[in-house]
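Structure file entry02.cif (mmCIF, C-alpha atoms) is printed below.
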data_my_file
loop_
_atom_site.group_PDB
_atom_site.id
_atom_site.type_symbol
_atom_site.label_atom_id
_atom_site.label_comp_id
_atom_site.auth_asym_id
_atom_site.auth_seq_id
_atom_site.Cartn_x
_atom_site.Cartn_y
_atom_site.Cartn_z
ATOM 1 C CA MET D 1341 -13.260 -23.736 16.826
ATOM 2 C CA ALA D 1342 -13.288 -20.692 19.070
ATOM 3 C CA LYS D 1343 -10.778 -18.007 18.239
ATOM 4 C CA PHE D 1344 -8.363 -16.811 20.898
ATOM 5 C CA GLY D 1345 -7.833 -13.138 21.677
ATOM 6 C CA LEU D 1346 -5.253 -11.606 23.951
ATOM 7 C CA SER D 1347 -5.016 -7.901 24.676
ATOM 8 C CA GLY D 1348 -2.738 -6.361 27.200
ATOM 9 C CA LYS D 1349 -0.168 -3.892 28.268
ATOM 10 C CA MET D 1350 3.548 -4.568 28.077
ATOM 11 C CA MET D 1351 5.716 -2.198 30.090
ATOM 12 C CA ALA D 1352 9.122 -1.400 28.655
ATOM 13 C CA GLN D 1353 12.134 -0.559 30.767
ATOM 14 C CA PRO D 1354 12.235 3.237 31.155
ATOM 15 C CA GLY D 1355 13.127 4.870 27.850
ATOM 16 C CA LYS D 1356 13.084 1.562 25.943
ATOM 17 C CA ARG D 1357 9.544 1.637 24.569
ATOM 18 C CA ASP D 1358 10.442 2.599 21.007
ATOM 19 C CA GLU D 1359 13.186 -0.011 20.825
ATOM 20 C CA LEU D 1360 10.787 -2.663 22.127
ATOM 21 C CA ALA D 1361 8.035 -1.575 19.714
ATOM 22 C CA THR D 1362 10.455 -1.798 16.791
ATOM 23 C CA LEU D 1363 11.413 -5.311 17.846
ATOM 24 C CA LEU D 1364 7.758 -6.356 18.121
ATOM 25 C CA LEU D 1365 7.002 -4.907 14.696
ATOM 26 C CA GLU D 1366 9.933 -6.879 13.261
ATOM 27 C CA ALA D 1367 8.486 -9.981 14.907
ATOM 28 C CA THR D 1368 5.059 -9.393 13.361
ATOM 29 C CA ALA D 1369 6.691 -8.928 9.954
ATOM 30 C CA ALA D 1370 8.331 -12.339 10.410
ATOM 31 C CA MET D 1371 4.936 -13.843 11.346
ATOM 32 C CA LYS D 1372 3.019 -12.448 8.359
ATOM 33 C CA ASP D 1373 2.764 -15.926 6.817
ATOM 34 C CA VAL D 1374 1.572 -17.653 9.987
ATOM 35 C CA LYS D 1375 -2.038 -17.935 8.916
ATOM 36 C CA ASP D 1376 -3.279 -18.817 12.397
ATOM 37 C CA CYS D 1377 -2.223 -15.362 13.543
ATOM 38 C CA GLN D 1378 -5.048 -13.148 12.298
ATOM 39 C CA VAL D 1379 -4.231 -9.994 14.230
ATOM 40 C CA TYR D 1380 -1.123 -8.761 16.031
ATOM 41 C CA ILE D 1381 -1.274 -5.024 16.507
ATOM 42 C CA VAL D 1382 1.413 -3.064 18.304
ATOM 43 C CA SER D 1383 0.191 0.236 19.756
ATOM 44 C CA VAL D 1384 1.541 2.910 22.025
ATOM 45 C CA LEU D 1385 -0.456 4.701 24.715
ATOM 46 C CA PRO D 1386 -0.249 8.486 24.439
ATOM 47 C CA GLU D 1387 -0.291 9.052 28.188
ATOM 48 C CA GLU D 1388 2.081 6.266 29.226
ATOM 49 C CA PRO D 1389 5.525 6.775 27.728
ATOM 50 C CA ASP D 1390 6.816 3.287 28.626
ATOM 51 C CA ALA D 1391 3.740 1.240 27.711
ATOM 52 C CA ILE D 1392 2.893 -0.818 24.646
ATOM 53 C CA TRP D 1393 -0.625 -2.083 24.030
ATOM 54 C CA ILE D 1394 -0.791 -5.354 22.142
ATOM 55 C CA THR D 1395 -3.828 -6.923 20.507
ATOM 56 C CA GLU D 1396 -3.604 -10.502 19.271
ATOM 57 C CA VAL D 1397 -6.193 -12.737 17.602
ATOM 58 C CA TRP D 1398 -5.365 -16.350 16.807
ATOM 59 C CA SER D 1399 -7.487 -18.957 15.059
ATOM 60 C CA SER D 1400 -7.514 -20.977 18.299
ATOM 61 C CA ALA D 1401 -5.955 -21.073 21.756
ATOM 62 C CA GLU D 1402 -3.978 -24.105 20.595
ATOM 63 C CA ALA D 1403 -2.516 -22.155 17.665
ATOM 64 C CA HIS D 1404 -1.445 -19.398 20.042
ATOM 65 C CA GLN D 1405 0.133 -21.912 22.396
ATOM 66 C CA ALA D 1406 1.948 -23.612 19.517
ATOM 67 C CA SER D 1407 3.333 -20.268 18.334
ATOM 68 C CA LEU D 1408 5.120 -19.816 21.654
ATOM 69 C CA ALA D 1409 7.178 -22.914 20.939
ATOM 70 C CA LEU D 1410 8.390 -21.753 17.510
ATOM 71 C CA ASP D 1411 12.092 -21.032 17.217
ATOM 72 C CA THR D 1412 11.378 -17.579 15.786
ATOM 73 C CA THR D 1413 9.110 -16.735 18.721
ATOM 74 C CA ARG D 1414 11.592 -17.979 21.285
ATOM 75 C CA ALA D 1415 14.416 -16.042 19.658
ATOM 76 C CA MET D 1416 12.277 -12.904 19.660
ATOM 77 C CA ILE D 1417 11.373 -13.338 23.327
ATOM 78 C CA GLN D 1418 15.063 -13.646 24.201
ATOM 79 C CA ARG D 1419 15.825 -10.416 22.349
ATOM 80 C CA ALA D 1420 12.877 -8.585 23.903
ATOM 81 C CA LYS D 1421 13.359 -9.742 27.501
ATOM 82 C CA PRO D 1422 15.978 -7.174 28.521
ATOM 83 C CA LEU D 1423 13.681 -4.395 27.275
ATOM 84 C CA ILE D 1424 10.565 -5.574 29.145
ATOM 85 C CA ALA D 1425 9.770 -4.387 32.672
ATOM 86 C CA GLY D 1426 6.555 -6.373 33.013
ATOM 87 C CA PHE D 1427 2.997 -7.016 31.917
ATOM 88 C CA GLU D 1428 -0.294 -5.485 33.038
ATOM 89 C CA GLN D 1429 -3.927 -6.100 32.249
ATOM 90 C CA GLN D 1430 -3.736 -9.304 30.252
ATOM 91 C CA ILE D 1431 -7.251 -9.766 28.861
ATOM 92 C CA ARG D 1432 -8.127 -13.127 27.322
ATOM 93 C CA HIS D 1433 -11.123 -12.869 25.059
ATOM 94 C CA VAL D 1434 -13.012 -14.889 22.490
ATOM 95 C CA PRO D 1435 -13.465 -12.973 19.229
ATOM 96 C CA LEU D 1436 -16.848 -13.712 17.665
ATOM 97 C CA GLY D 1437 -16.169 -11.833 14.435
ATOM 98 C CA GLY D 1438 -16.229 -8.380 12.945
ATOM 99 C CA ILE D 1439 -13.877 -6.433 10.735
ATOM 100 C CA GLY D 1440 -10.281 -7.605 10.585
ATOM 101 C CA VAL D 1441 -10.759 -11.243 11.521
ATOM 102 C CA THR D 1442 -11.600 -14.130 9.236
ATOM 103 C CA PRO D 1443 -14.919 -15.907 9.862
ATOM 104 C CA MET Q 1062 -1.420 10.353 9.944
ATOM 105 C CA ALA Q 1063 -1.558 8.460 13.228
ATOM 106 C CA LYS Q 1064 -4.064 5.651 13.419
ATOM 107 C CA PHE Q 1065 -6.626 5.612 16.202
ATOM 108 C CA GLY Q 1066 -7.237 2.570 18.371
ATOM 109 C CA LEU Q 1067 -9.954 2.059 20.930
ATOM 110 C CA SER Q 1068 -10.272 -1.042 23.074
ATOM 111 C CA GLY Q 1069 -12.685 -1.470 25.888
ATOM 112 C CA LYS Q 1070 -15.347 -3.315 27.720
ATOM 113 C CA MET Q 1071 -19.036 -2.816 27.072
ATOM 114 C CA MET Q 1072 -21.312 -4.201 29.756
ATOM 115 C CA ALA Q 1073 -24.663 -5.536 28.593
ATOM 116 C CA GLN Q 1074 -27.782 -5.468 30.699
ATOM 117 C CA PRO Q 1075 -27.962 -8.779 32.581
ATOM 118 C CA GLY Q 1076 -28.692 -11.634 30.174
ATOM 119 C CA LYS Q 1077 -28.511 -9.384 27.102
ATOM 120 C CA ARG Q 1078 -24.905 -9.967 26.067
ATOM 121 C CA ASP Q 1079 -25.634 -12.287 23.163
ATOM 122 C CA GLU Q 1080 -28.336 -10.010 21.796
ATOM 123 C CA LEU Q 1081 -25.971 -7.030 22.025
ATOM 124 C CA ALA Q 1082 -23.111 -8.983 20.416
ATOM 125 C CA THR Q 1083 -25.370 -9.987 17.528
ATOM 126 C CA LEU Q 1084 -26.348 -6.349 17.014
ATOM 127 C CA LEU Q 1085 -22.694 -5.250 17.043
ATOM 128 C CA LEU Q 1086 -21.770 -7.959 14.536
ATOM 129 C CA GLU Q 1087 -24.606 -6.761 12.272
ATOM 130 C CA ALA Q 1088 -23.208 -3.248 12.603
ATOM 131 C CA THR Q 1089 -19.706 -4.375 11.618
ATOM 132 C CA ALA Q 1090 -21.154 -6.202 8.604
ATOM 133 C CA ALA Q 1091 -22.788 -2.912 7.546
ATOM 134 C CA MET Q 1092 -19.438 -1.116 7.983
ATOM 135 C CA LYS Q 1093 -17.385 -3.571 5.930
ATOM 136 C CA ASP Q 1094 -16.997 -1.021 3.125
ATOM 137 C CA VAL Q 1095 -15.941 1.846 5.370
ATOM 138 C CA LYS Q 1096 -12.272 1.721 4.455
ATOM 139 C CA ASP Q 1097 -11.228 3.954 7.355
ATOM 140 C CA CYS Q 1098 -12.373 1.241 9.745
ATOM 141 C CA GLN Q 1099 -9.513 -1.265 9.654
ATOM 142 C CA VAL Q 1100 -10.476 -3.369 12.655
ATOM 143 C CA TYR Q 1101 -13.697 -3.800 14.635
ATOM 144 C CA ILE Q 1102 -13.592 -7.027 16.579
ATOM 145 C CA VAL Q 1103 -16.401 -8.122 18.872
ATOM 146 C CA SER Q 1104 -15.299 -10.542 21.594
ATOM 147 C CA VAL Q 1105 -16.794 -12.082 24.673
ATOM 148 C CA LEU Q 1106 -14.969 -12.603 27.961
ATOM 149 C CA PRO Q 1107 -15.205 -16.181 29.239
ATOM 150 C CA GLU Q 1108 -15.374 -15.180 32.892
ATOM 151 C CA GLU Q 1109 -17.765 -12.237 32.584
ATOM 152 C CA PRO Q 1110 -21.127 -13.334 31.240
ATOM 153 C CA ASP Q 1111 -22.410 -9.808 30.577
ATOM 154 C CA ALA Q 1112 -19.281 -8.271 29.093
ATOM 155 C CA ILE Q 1113 -18.245 -7.611 25.500
ATOM 156 C CA TRP Q 1114 -14.676 -6.680 24.619
ATOM 157 C CA ILE Q 1115 -14.388 -4.440 21.570
ATOM 158 C CA THR Q 1116 -11.236 -3.639 19.617
ATOM 159 C CA GLU Q 1117 -11.360 -0.862 17.017
ATOM 160 C CA VAL Q 1118 -8.672 0.526 14.739
ATOM 161 C CA TRP Q 1119 -9.407 3.510 12.500
ATOM 162 C CA SER Q 1120 -7.167 5.198 9.968
ATOM 163 C CA SER Q 1121 -7.271 8.354 12.109
ATOM 164 C CA ALA Q 1122 -9.014 9.829 15.146
ATOM 165 C CA GLU Q 1123 -10.893 12.118 12.740
ATOM 166 C CA ALA Q 1124 -12.216 9.119 10.782
ATOM 167 C CA HIS Q 1125 -13.449 7.539 14.010
ATOM 168 C CA GLN Q 1126 -15.106 10.780 15.057
ATOM 169 C CA ALA Q 1127 -16.749 11.157 11.640
ATOM 170 C CA SER Q 1128 -18.119 7.610 11.848
ATOM 171 C CA LEU Q 1129 -20.072 8.524 14.973
ATOM 172 C CA ALA Q 1130 -22.048 11.059 12.952
ATOM 173 C CA LEU Q 1131 -23.097 8.587 10.229
ATOM 174 C CA ASP Q 1132 -26.795 7.767 10.058
ATOM 175 C CA THR Q 1133 -26.035 4.050 10.187
ATOM 176 C CA THR Q 1134 -23.935 4.473 13.337
ATOM 177 C CA ARG Q 1135 -26.543 6.628 15.031
ATOM 178 C CA ALA Q 1136 -29.289 4.153 14.185
ATOM 179 C CA MET Q 1137 -27.177 1.308 15.575
ATOM 180 C CA ILE Q 1138 -26.484 3.205 18.789
ATOM 181 C CA GLN Q 1139 -30.210 3.806 19.254
ATOM 182 C CA ARG Q 1140 -30.903 0.086 18.839
ATOM 183 C CA ALA Q 1141 -28.068 -0.922 21.152
ATOM 184 C CA LYS Q 1142 -28.727 1.584 23.936
ATOM 185 C CA PRO Q 1143 -31.431 -0.382 25.777
ATOM 186 C CA LEU Q 1144 -29.115 -3.397 25.887
ATOM 187 C CA ILE Q 1145 -26.086 -1.528 27.281
ATOM 188 C CA ALA Q 1146 -25.492 -1.183 31.024
ATOM 189 C CA GLY Q 1147 -22.282 0.808 30.704
ATOM 190 C CA PHE Q 1148 -18.663 0.986 29.621
ATOM 191 C CA GLU Q 1149 -15.470 0.080 31.443
ATOM 192 C CA GLN Q 1150 -11.784 0.366 30.656
ATOM 193 C CA GLN Q 1151 -11.825 2.477 27.524
ATOM 194 C CA ILE Q 1152 -8.234 2.389 26.268
ATOM 195 C CA ARG Q 1153 -7.238 4.840 23.554
ATOM 196 C CA HIS Q 1154 -4.122 3.717 21.757
ATOM 197 C CA VAL Q 1155 -2.087 4.561 18.691
ATOM 198 C CA PRO Q 1156 -1.477 1.495 16.500
ATOM 199 C CA LEU Q 1157 1.976 1.573 14.951
ATOM 200 C CA GLY Q 1158 1.451 -1.460 12.735
ATOM 201 C CA GLY Q 1159 1.548 -5.217 12.773
ATOM 202 C CA ILE Q 1160 -0.690 -7.929 11.416
ATOM 203 C CA GLY Q 1161 -4.273 -6.964 10.615
ATOM 204 C CA VAL Q 1162 -3.795 -3.243 10.035
ATOM 205 C CA THR Q 1163 -2.807 -1.524 6.818
ATOM 206 C CA PRO Q 1164 0.493 0.403 6.843
#
Representation of the structure as structure tokens:
Amino acid sequence: MAKFGLSGKMMAQPGKRDELATLLLEATAAMKDVKDCQVYIVSVLPEEPDAIWITEVWSSAEAHQASLALDTTRAMIQRAKPLIAGFEQQIRHVPLGGIGVTP
Amino acid sequence: MAKFGLSGKMMAQPGKRDELATLLLEATAAMKDVKDCQVYIVSVLPEEPDAIWITEVWSSAEAHQASLALDTTRAMIQRAKPLIAGFEQQIRHVPLGGIGVTP
């Protein structure tokens, strides 16, 4: 089955980037045992003080979709919402392989 | 030390995407033991038949820079060059953590 990749920019409310990043890192820690989530990297962008760059790889688009319905995900989204100003550049891709993803 | 992330779009010459992707996957296989390279994911974009989306995470910007000087990297670049039309959207980011990168 084709993997599902999602990369994109999340804009925090002004001055809230670090708080939002901390929340996202907590969320990834809680997802460590979700084996369908192969990659979830939280990055900052040196030249954009309110932006977070997120890279996700899931074992399938269905697994990603299912994750959105999990109680833990929904709770996290509720906590993050007030800190998020918006999204930019959502890139859906199909990972073929490489380093950091399972075959 | 801060990690170094690079995400971006590589455009293949028309019709050469699959050949270029195969070459990049061979290159990542050869780099599997380079411990400073934590992530190197080769993806395709469903709506852009000549595009490849690459996600790299290195243990530091210096490690990424050093990798460019390796004989294996230089040989790969020489092989890939005729297949590459150009680059778009190079995003340099600083991975803070998450799933798929080492702390």
**Message:** Show me, as a PyMOL selection string, every residue of chain Q with an atom at most 8 Å from chain D, counting only C-alpha atoms.
**Reply:** chain Q and resi 1066+1086+1089-1090+1093+1098-1107+1114+1153-1162
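Taking atom CA of Asp1111 of chain Q as the reference point, atom CA of Leu1144 of chain Q is found at 10.4 Å.
The spacing separating atom CA of Gly1355 of chain D from atom CA of Ala1415 of chain D amounts to 22.5 Å.
For the choices Q:Gln1139, Q:Glu1080, Q:Ala1063, Q:Gln1074, the atom-to-atom distance to Ala1122 of chain Q is smallest for Q:Ala1063 when using only C-alpha atoms.
Between atom CA of Met1062 of chain Q and atom CA of Asp1132 of chain Q the separation is 25.5 Å.
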**Request:** Within 9 Å of Gly1147 of chain Q, counting all atoms listed in the file, which residues show up once you throw out same-chain ones fewer than 2 positions away? Write them as a ChimeraX atom specification, please.
**Result:** /Q:1070-1074,1145,1149
**Request:** Would you mind telling me which residue in Q:Ile1138, Q:Asp1097, Q:Leu1129, Q:Gly1069 lies nearest to Leu1084 of chain Q when using only C-alpha atoms?
**Result:** Q:Ile1138
Let me have the centre and edge lengths of the axis-aligned box enclosing all listed atoms of segment 1134-1137 of chain Q with 4 Å padding on every side, in Å to one decimal, as AutoDock Vina command-line options.
--center_x -26.6 --center_y 4.0 --center_z 14.5 --size_x 13.4 --size_y 13.3 --size_z 10.2
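The residues that lie within 7 Å of the point (-13.6, 3.2, 10.1), counting only C-alpha atoms, are Q:Val1095, Q:Lys1096, Q:Asp1097, Q:Cys1098, Q:Gln1099, Q:Trp1119, Q:Ser1120, Q:Ala1124, Q:His1125, Q:Ser1128.
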